[in-house]
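S.K.: Next up is a structure, given as structure tokens.
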Amino acid sequence: MFNPDGRLFQVEYAKEAVRRGGAAIGMITKDGIAFVAHKNVDEPMAVLSSMQKVFRIDAHIGAAYSGIVADGLHVIDEIRSEAQSHRMVYDEVKSVEAIAKGLSFYILQATFYGGVRPYGVSLLVGGIDTESRLYEVGPDAALLGYKADAIGVGKKVATDMLVKEYKEGLSTDEALKLGIKILNKINEGKLASDHVDIGYIEDAKEFTILGEQEIAKYF
């Protein structure tokens with residue numbers, strides 16, 4: 001139901017869940033796309049390697065999410081399945097824009113009907129087809145392309161830093177360092193390497209997710 005201001009309260013509540021989720025940052029680089037995401041887990045006995053915030057969707061596409069973990073994992077599985085189905089049926093990879101639009105339509109359906117709730121998750125989807133592309137899809141299914149973008153807690157801080165420090169043509173290494181700098185700022189200098197997920201894709205290579213030891217080199 002719309003309220004008199006033209007808003008859907010359930011969608012607004014879902015957006016609040018995203019604002020409380022761990023920050024994730026995506027940037028178009030000189031050679032592709034880079035993702036840096038924060039695993040905002042405070043449980044002292046948690047095995048952090050069991051939590052993932054950056055995912056490979058297809059060989060040429062990756063994604064990161066912020067918000068409710070279960071919703072994020074479910075939606076990631078959905079777009080992975082869509083990408084693989086397209087590859088099997090048409091013997092070709094699906095474009096980044098088509099994946100993002102399909103994700104937007106899938107999330108939109110959860111805002112239509114009684115008895116269901118919107119997904120409390122925003123996603124950054126990026127990759128390379130004819131060029132490097134990065135999109136954000138939120139709980140309201142809004143789809144918008146970006147050169148660099150942030151979602152989750154500290155979005156304003158992250159966006160302000162991206163506006164000041166992001167430059168077109170950054171190398172992958174420079175983008176990853178900037179992403180970690182931003183996450184460290186959001187976390188008031190208390191960011192640890194085991195609380196970070198990193199993934200990237202460069203020209204002529206497949207989407208790569210870094211391991212713990214590779215991530216630690218950036219700290």
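Ordered as shown in the structure tokens, chains take letters A, B, and onward, while each chain numbers its residues from 1 and ligands are numbered from 1 in the order shown.
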Please return, as a PyMOL selection string, all residues of range 16-116 of chain A that DSSP assigns to strand (DSSP E) on the basis of the backbone.

M.R.: chain A and resi 24-28+32-38+54-58+61-67

S.K.: Could you write out the selected residues, including N, CA and C atoms, as a PDB file, in the first residue's frame?

M.R.:
ATOM      1  N   ALA A  24      29.835  -1.893   1.166  1.00  0.00           N
ATOM      2  CA  ALA A  24      30.448  -2.501  -0.018  1.00  0.00           C
ATOM      3  C   ALA A  24      30.687  -1.409  -1.047  1.00  0.00           C
ATOM      4  N   ILE A  25      31.820  -1.486  -1.720  1.00  0.00           N
ATOM      5  CA  ILE A  25      32.231  -0.450  -2.661  1.00  0.00           C
ATOM      6  C   ILE A  25      32.607  -1.085  -3.991  1.00  0.00           C
ATOM      7  N   GLY A  26      32.151  -0.490  -5.066  1.00  0.00           N
ATOM      8  CA  GLY A  26      32.508  -0.949  -6.400  1.00  0.00           C
ATOM      9  C   GLY A  26      33.050   0.205  -7.223  1.00  0.00           C
ATOM     10  N   MET A  27      34.062  -0.067  -8.040  1.00  0.00           N
ATOM     11  CA  MET A  27      34.666   0.980  -8.869  1.00  0.00           C
ATOM     12  C   MET A  27      35.028   0.429 -10.244  1.00  0.00           C
ATOM     13  N   ILE A  28      34.779   1.232 -11.272  1.00  0.00           N
ATOM     14  CA  ILE A  28      35.300   0.920 -12.594  1.00  0.00           C
ATOM     15  C   ILE A  28      36.769   1.342 -12.628  1.00  0.00           C
ATOM     16  N   GLY A  32      39.024  -2.826 -15.642  1.00  0.00           N
ATOM     17  CA  GLY A  32      37.845  -3.631 -15.341  1.00  0.00           C
ATOM     18  C   GLY A  32      37.029  -3.079 -14.193  1.00  0.00           C
ATOM     19  N   ILE A  33      36.768  -3.944 -13.200  1.00  0.00           N
ATOM     20  CA  ILE A  33      35.935  -3.599 -12.051  1.00  0.00           C
ATOM     21  C   ILE A  33      36.610  -4.115 -10.789  1.00  0.00           C
ATOM     22  N   ALA A  34      36.499  -3.356  -9.684  1.00  0.00           N
ATOM     23  CA  ALA A  34      37.024  -3.791  -8.396  1.00  0.00           C
ATOM     24  C   ALA A  34      35.936  -3.654  -7.335  1.00  0.00           C
ATOM     25  N   PHE A  35      35.828  -4.666  -6.466  1.00  0.00           N
ATOM     26  CA  PHE A  35      34.884  -4.651  -5.346  1.00  0.00           C
ATOM     27  C   PHE A  35      35.645  -4.821  -4.040  1.00  0.00           C
ATOM     28  N   VAL A  36      35.255  -4.048  -3.025  1.00  0.00           N
ATOM     29  CA  VAL A  36      35.775  -4.205  -1.669  1.00  0.00           C
ATOM     30  C   VAL A  36      34.570  -4.151  -0.730  1.00  0.00           C
ATOM     31  N   ALA A  37      34.421  -5.131   0.156  1.00  0.00           N
ATOM     32  CA  ALA A  37      33.257  -5.186   1.037  1.00  0.00           C
ATOM     33  C   ALA A  37      33.669  -5.547   2.457  1.00  0.00           C
ATOM     34  N   HIS A  38      32.896  -5.043   3.412  1.00  0.00           N
ATOM     35  CA  HIS A  38      33.177  -5.265   4.831  1.00  0.00           C
ATOM     36  C   HIS A  38      32.262  -6.356   5.398  1.00  0.00           C
ATOM     37  N   VAL A  54      31.460 -10.744  -1.432  1.00  0.00           N
ATOM     38  CA  VAL A  54      31.751 -10.526  -2.850  1.00  0.00           C
ATOM     39  C   VAL A  54      31.687 -11.872  -3.562  1.00  0.00           C
ATOM     40  N   PHE A  55      31.012 -11.922  -4.707  1.00  0.00           N
ATOM     41  CA  PHE A  55      30.745 -13.179  -5.386  1.00  0.00           C
ATOM     42  C   PHE A  55      31.051 -13.093  -6.875  1.00  0.00           C
ATOM     43  N   ARG A  56      31.443 -14.221  -7.418  1.00  0.00           N
ATOM     44  CA  ARG A  56      31.552 -14.369  -8.868  1.00  0.00           C
ATOM     45  C   ARG A  56      30.189 -14.826  -9.393  1.00  0.00           C
ATOM     46  N   ILE A  57      29.635 -14.079 -10.323  1.00  0.00           N
ATOM     47  CA  ILE A  57      28.340 -14.425 -10.914  1.00  0.00           C
ATOM     48  C   ILE A  57      28.535 -15.248 -12.178  1.00  0.00           C
ATOM     49  N   ASP A  58      29.456 -14.830 -13.012  1.00  0.00           N
ATOM     50  CA  ASP A  58      29.868 -15.561 -14.204  1.00  0.00           C
ATOM     51  C   ASP A  58      31.336 -15.218 -14.424  1.00  0.00           C
ATOM     52  N   ILE A  61      31.542 -11.424 -14.653  1.00  0.00           N
ATOM     53  CA  ILE A  61      30.688 -10.596 -13.794  1.00  0.00           C
ATOM     54  C   ILE A  61      30.898 -10.961 -12.329  1.00  0.00           C
ATOM     55  N   GLY A  62      30.935  -9.938 -11.474  1.00  0.00           N
ATOM     56  CA  GLY A  62      30.964 -10.144 -10.032  1.00  0.00           C
ATOM     57  C   GLY A  62      29.893  -9.293  -9.373  1.00  0.00           C
ATOM     58  N   ALA A  63      29.678  -9.519  -8.082  1.00  0.00           N
ATOM     59  CA  ALA A  63      28.672  -8.754  -7.350  1.00  0.00           C
ATOM     60  C   ALA A  63      29.046  -8.688  -5.873  1.00  0.00           C
ATOM     61  N   ALA A  64      28.543  -7.657  -5.204  1.00  0.00           N
ATOM     62  CA  ALA A  64      28.684  -7.512  -3.756  1.00  0.00           C
ATOM     63  C   ALA A  64      27.340  -7.030  -3.223  1.00  0.00           C
ATOM     64  N   TYR A  65      27.030  -7.379  -1.986  1.00  0.00           N
ATOM     65  CA  TYR A  65      25.744  -6.972  -1.425  1.00  0.00           C
ATOM     66  C   TYR A  65      25.917  -6.359  -0.047  1.00  0.00           C
ATOM     67  N   SER A  66      24.887  -5.642   0.391  1.00  0.00           N
ATOM     68  CA  SER A  66      24.799  -5.116   1.740  1.00  0.00           C
ATOM     69  C   SER A  66      23.351  -5.252   2.191  1.00  0.00           C
ATOM     70  N   GLY A  67      23.175  -5.655   3.448  1.00  0.00           N
ATOM     71  CA  GLY A  67      21.835  -5.808   3.983  1.00  0.00           C
ATOM     72  C   GLY A  67      21.671  -7.134   4.682  1.00  0.00           C
TER      73      GLY A  67
END

S.K.: Please list as number ranges by chain every residue within 9 Å of range 182-197 of chain A, counting only C-alpha atoms and excluding residues in the same chain fewer than 2 positions away.

M.R.: A: 23-25, 35-41, 48-49, 52-54, 153-155, 157-158, 161-162, 177-180, 199, 209-213, 215-219

S.K.: Okay, now the selection with C-alpha atoms, as a short mmCIF file (atom, residue, chain, number, x, y, z; two decimals), in the first residue's frame?

M.R.:
data_model
loop_
_atom_site.label_atom_id
_atom_site.label_comp_id
_atom_site.auth_asym_id
_atom_site.auth_seq_id
_atom_site.Cartn_x
_atom_site.Cartn_y
_atom_site.Cartn_z
CA ALA A 23 29.59 -1.35 3.50
CA ALA A 24 30.45 -2.50 -0.02
CA ILE A 25 32.23 -0.45 -2.66
CA PHE A 35 34.88 -4.65 -5.35
CA VAL A 36 35.77 -4.21 -1.67
CA ALA A 37 33.26 -5.19 1.04
CA HIS A 38 33.18 -5.27 4.83
CA LYS A 39 32.11 -8.34 6.80
CA ASN A 40 30.43 -6.55 9.71
CA VAL A 41 30.42 -9.49 12.13
CA LEU A 48 34.84 -15.11 9.24
CA SER A 49 35.90 -17.17 6.24
CA GLN A 52 31.15 -13.95 1.93
CA LYS A 53 30.19 -10.51 0.65
CA VAL A 54 31.75 -10.53 -2.85
CA VAL A 153 26.51 1.65 6.50
CA GLY A 154 28.64 4.74 5.97
CA LYS A 155 27.36 5.28 2.43
CA VAL A 157 31.17 8.95 4.05
CA ALA A 158 32.12 6.52 1.29
CA MET A 161 35.53 10.06 -0.39
CA LEU A 162 34.84 8.58 -3.81
CA LYS A 177 43.72 0.46 -1.85
CA LEU A 178 41.17 3.27 -2.09
CA GLY A 179 38.33 0.88 -1.21
CA ILE A 180 40.15 -0.35 1.90
CA GLY A 199 37.09 -9.29 -5.87
CA ILE A 209 38.20 -13.35 -5.44
CA LEU A 210 41.25 -12.82 -3.25
CA GLY A 211 42.15 -15.13 -0.38
CA GLU A 212 42.92 -14.02 3.16
CA GLN A 213 46.69 -13.85 2.68
CA ILE A 215 43.97 -9.38 1.22
CA ALA A 216 46.35 -9.02 4.17
CA LYS A 217 48.98 -7.55 1.81
CA TYR A 218 46.86 -4.41 1.51
CA PHE A 219 47.03 -3.75 5.27
#

S.K.: For each of A:Val47, A:Val163, A:Val137, A:Ala14, take the minimum atom-to-atom distance to Arg117 in chain A, counting only C-alpha atoms, then give the residue where this is smallest.

M.R.: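 Of A:Val47, A:Val163, A:Val137, A:Ala14, the one nearest Arg117 in chain A is A:Ala14, counting only C-alpha atoms.
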
S.K.: Using only C-alpha atoms, which of A:Leu123, A:Arg80, A:Asp91, A:Thr172 sits nearest Ala150 in chain A?

M.R.: A:Leu123

S.K.: Under the rule that only C-alpha atoms are counted, which of A:Leu108, A:Val89, A:Met45, A:Ile76 is the nearest residue to Asp140 in chain A?

M.R.: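 So, comparing all the options, the nearest one is A:Leu108.
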
S.K.: Determine, for each residue of range 79-153 of chain A having at least one atom at most 12 Å from an atom of range 1-12 of chain A, the closest pair of atoms and their separation in Å to one decimal, counting only C-alpha atoms; order by chain and ascending number, as JSON lines.

M.R.:
{"residue": "A:Ile107", "atom": "CA", "partner": "A:Val11", "partner_atom": "CA", "distance": 10.8}
{"residue": "A:Leu108", "atom": "CA", "partner": "A:Val11", "partner_atom": "CA", "distance": 10.3}
{"residue": "A:Ala110", "atom": "CA", "partner": "A:Val11", "partner_atom": "CA", "distance": 9.6}
{"residue": "A:Thr111", "atom": "CA", "partner": "A:Val11", "partner_atom": "CA", "distance": 7.4}
{"residue": "A:Phe112", "atom": "CA", "partner": "A:Met1", "partner_atom": "CA", "distance": 9.3}
{"residue": "A:Tyr113", "atom": "CA", "partner": "A:Met1", "partner_atom": "CA", "distance": 9.7}
{"residue": "A:Gly114", "atom": "CA", "partner": "A:Met1", "partner_atom": "CA", "distance": 9.2}
{"residue": "A:Gly115", "atom": "CA", "partner": "A:Gln10", "partner_atom": "CA", "distance": 11.7}
{"residue": "A:Val116", "atom": "CA", "partner": "A:Gln10", "partner_atom": "CA", "distance": 10.0}
{"residue": "A:Arg117", "atom": "CA", "partner": "A:Gln10", "partner_atom": "CA", "distance": 6.9}
{"residue": "A:Pro118", "atom": "CA", "partner": "A:Val11", "partner_atom": "CA", "distance": 6.0}
{"residue": "A:Tyr119", "atom": "CA", "partner": "A:Val11", "partner_atom": "CA", "distance": 8.3}
{"residue": "A:Gly120", "atom": "CA", "partner": "A:Val11", "partner_atom": "CA", "distance": 8.2}
{"residue": "A:Val121", "atom": "CA", "partner": "A:Val11", "partner_atom": "CA", "distance": 10.4}
{"residue": "A:Ser122", "atom": "CA", "partner": "A:Val11", "partner_atom": "CA", "distance": 11.6}
{"residue": "A:Gly138", "atom": "CA", "partner": "A:Val11", "partner_atom": "CA", "distance": 9.5}
{"residue": "A:Pro139", "atom": "CA", "partner": "A:Val11", "partner_atom": "CA", "distance": 6.3}
{"residue": "A:Asp140", "atom": "CA", "partner": "A:Val11", "partner_atom": "CA", "distance": 6.0}
{"residue": "A:Ala141", "atom": "CA", "partner": "A:Val11", "partner_atom": "CA", "distance": 9.6}
{"residue": "A:Ala142", "atom": "CA", "partner": "A:Val11", "partner_atom": "CA", "distance": 11.3}

S.K.: Write a file of the just-selected residues containing N, CA and C atoms, as an mmCIF file, in the first residue's frame.

M.R.:
data_model
loop_
_atom_site.group_PDB
_atom_site.id
_atom_site.type_symbol
_atom_site.label_atom_id
_atom_site.label_comp_id
_atom_site.auth_asym_id
_atom_site.auth_seq_id
_atom_site.Cartn_x
_atom_site.Cartn_y
_atom_site.Cartn_z
ATOM 1 N N ILE A 107 13.756 -8.401 -8.070
ATOM 2 C CA ILE A 107 13.523 -7.710 -6.802
ATOM 3 C C ILE A 107 12.204 -6.948 -6.837
ATOM 4 N N LEU A 108 11.848 -6.393 -7.994
ATOM 5 C CA LEU A 108 10.606 -5.637 -8.135
ATOM 6 C C LEU A 108 9.389 -6.483 -7.808
ATOM 7 N N ALA A 110 8.918 -8.601 -5.597
ATOM 8 C CA ALA A 110 8.674 -8.717 -4.155
ATOM 9 C C ALA A 110 7.999 -7.475 -3.585
ATOM 10 N N THR A 111 7.791 -6.446 -4.406
ATOM 11 C CA THR A 111 7.100 -5.233 -3.942
ATOM 12 C C THR A 111 5.657 -5.182 -4.427
ATOM 13 N N PHE A 112 5.211 -6.215 -5.150
ATOM 14 C CA PHE A 112 3.896 -6.173 -5.791
ATOM 15 C C PHE A 112 2.770 -6.779 -4.966
ATOM 16 N N TYR A 113 3.053 -7.820 -4.211
ATOM 17 C CA TYR A 113 2.000 -8.699 -3.713
ATOM 18 C C TYR A 113 1.919 -8.717 -2.196
ATOM 19 N N GLY A 114 0.697 -8.928 -1.677
ATOM 20 C CA GLY A 114 0.527 -9.150 -0.255
ATOM 21 C C GLY A 114 1.085 -10.506 0.132
ATOM 22 N N GLY A 115 1.543 -10.625 1.379
ATOM 23 C CA GLY A 115 2.077 -11.901 1.847
ATOM 24 C C GLY A 115 3.558 -12.082 1.571
ATOM 25 N N VAL A 116 4.173 -11.148 0.873
ATOM 26 C CA VAL A 116 5.623 -11.176 0.658
ATOM 27 C C VAL A 116 6.184 -9.840 1.121
ATOM 28 N N ARG A 117 7.502 -9.799 1.320
ATOM 29 C CA ARG A 117 8.134 -8.546 1.714
ATOM 30 C C ARG A 117 9.261 -8.224 0.744
ATOM 31 N N PRO A 118 9.603 -6.959 0.607
ATOM 32 C CA PRO A 118 10.744 -6.607 -0.249
ATOM 33 C C PRO A 118 12.037 -7.213 0.308
ATOM 34 N N TYR A 119 12.984 -7.440 -0.557
ATOM 35 C CA TYR A 119 14.291 -7.937 -0.121
ATOM 36 C C TYR A 119 15.059 -6.809 0.575
ATOM 37 N N GLY A 120 15.557 -7.093 1.761
ATOM 38 C CA GLY A 120 16.317 -6.100 2.515
ATOM 39 C C GLY A 120 17.773 -6.096 2.117
ATOM 40 N N VAL A 121 18.038 -5.844 0.850
ATOM 41 C CA VAL A 121 19.397 -5.938 0.341
ATOM 42 C C VAL A 121 19.563 -5.022 -0.873
ATOM 43 N N SER A 122 20.738 -4.409 -0.966
ATOM 44 C CA SER A 122 21.162 -3.711 -2.187
ATOM 45 C C SER A 122 22.361 -4.449 -2.745
ATOM 46 N N GLY A 138 18.673 -1.587 -5.730
ATOM 47 C CA GLY A 138 18.259 -1.501 -4.338
ATOM 48 C C GLY A 138 16.972 -2.250 -4.055
ATOM 49 N N PRO A 139 16.464 -2.192 -2.811
ATOM 50 C CA PRO A 139 15.233 -2.896 -2.440
ATOM 51 C C PRO A 139 14.009 -2.440 -3.218
ATOM 52 N N ASP A 140 14.056 -1.215 -3.755
ATOM 53 C CA ASP A 140 12.940 -0.709 -4.560
ATOM 54 C C ASP A 140 13.095 -1.075 -6.024
ATOM 55 N N ALA A 141 14.140 -1.863 -6.347
ATOM 56 C CA ALA A 141 14.425 -2.338 -7.711
ATOM 57 C C ALA A 141 14.946 -1.239 -8.619
ATOM 58 N N ALA A 142 15.248 -0.062 -8.054
ATOM 59 C CA ALA A 142 15.824 1.003 -8.871
ATOM 60 C C ALA A 142 17.183 0.557 -9.407
#

S.K.: Assign secondary structure with DSSP using the backbone only, and return the residues of range 38-75 of chain A in helix (DSSP H, G or I) as an NGL selection string.

M.R.: :A and (48-50 or 69-75)

S.K.: Give me, as a count of residues only, all polymer residues having an atom no more than 10 Å from Glu78 in chain A, counting only C-alpha atoms and skipping those fewer than 4 positions away in the same chain.

M.R.: 9

S.K.: So the first atom is CA of Gly21 in chain A and the second is CA of Ile68 in chain A; what is the distance between them in Å, to one decimal place?

M.R.: 7.0 Å

S.K.: Could you check which of A:Lys147, A:Arg87, A:Lys164, A:Lys15 is closest to Ala59 in chain A, using only C-alpha atoms?

M.R.: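 For Ala59 in chain A, the nearest of the given residues is A:Arg87.
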
S.K.: If you measure from CA of Gly152 in chain A to CA of Asp203 in chain A, what distance in Å do you get, rounded to one decimal?

M.R.: 28.2 Å

S.K.: Report, in Å to a single decimal, how far apart CA of Arg19 in chain A and CA of Lys94 in chain A are.

M.R.: 29.9 Å

S.K.: Select, from A:Tyr146, A:Tyr13, A:Phe105, A:Tyr90, the residue with the minimum atom-to-atom distance to Ser132 in chain A, counting only C-alpha atoms.

M.R.: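 When distances to Ser132 in chain A are compared using only C-alpha atoms, the smallest one comes from A:Tyr146.
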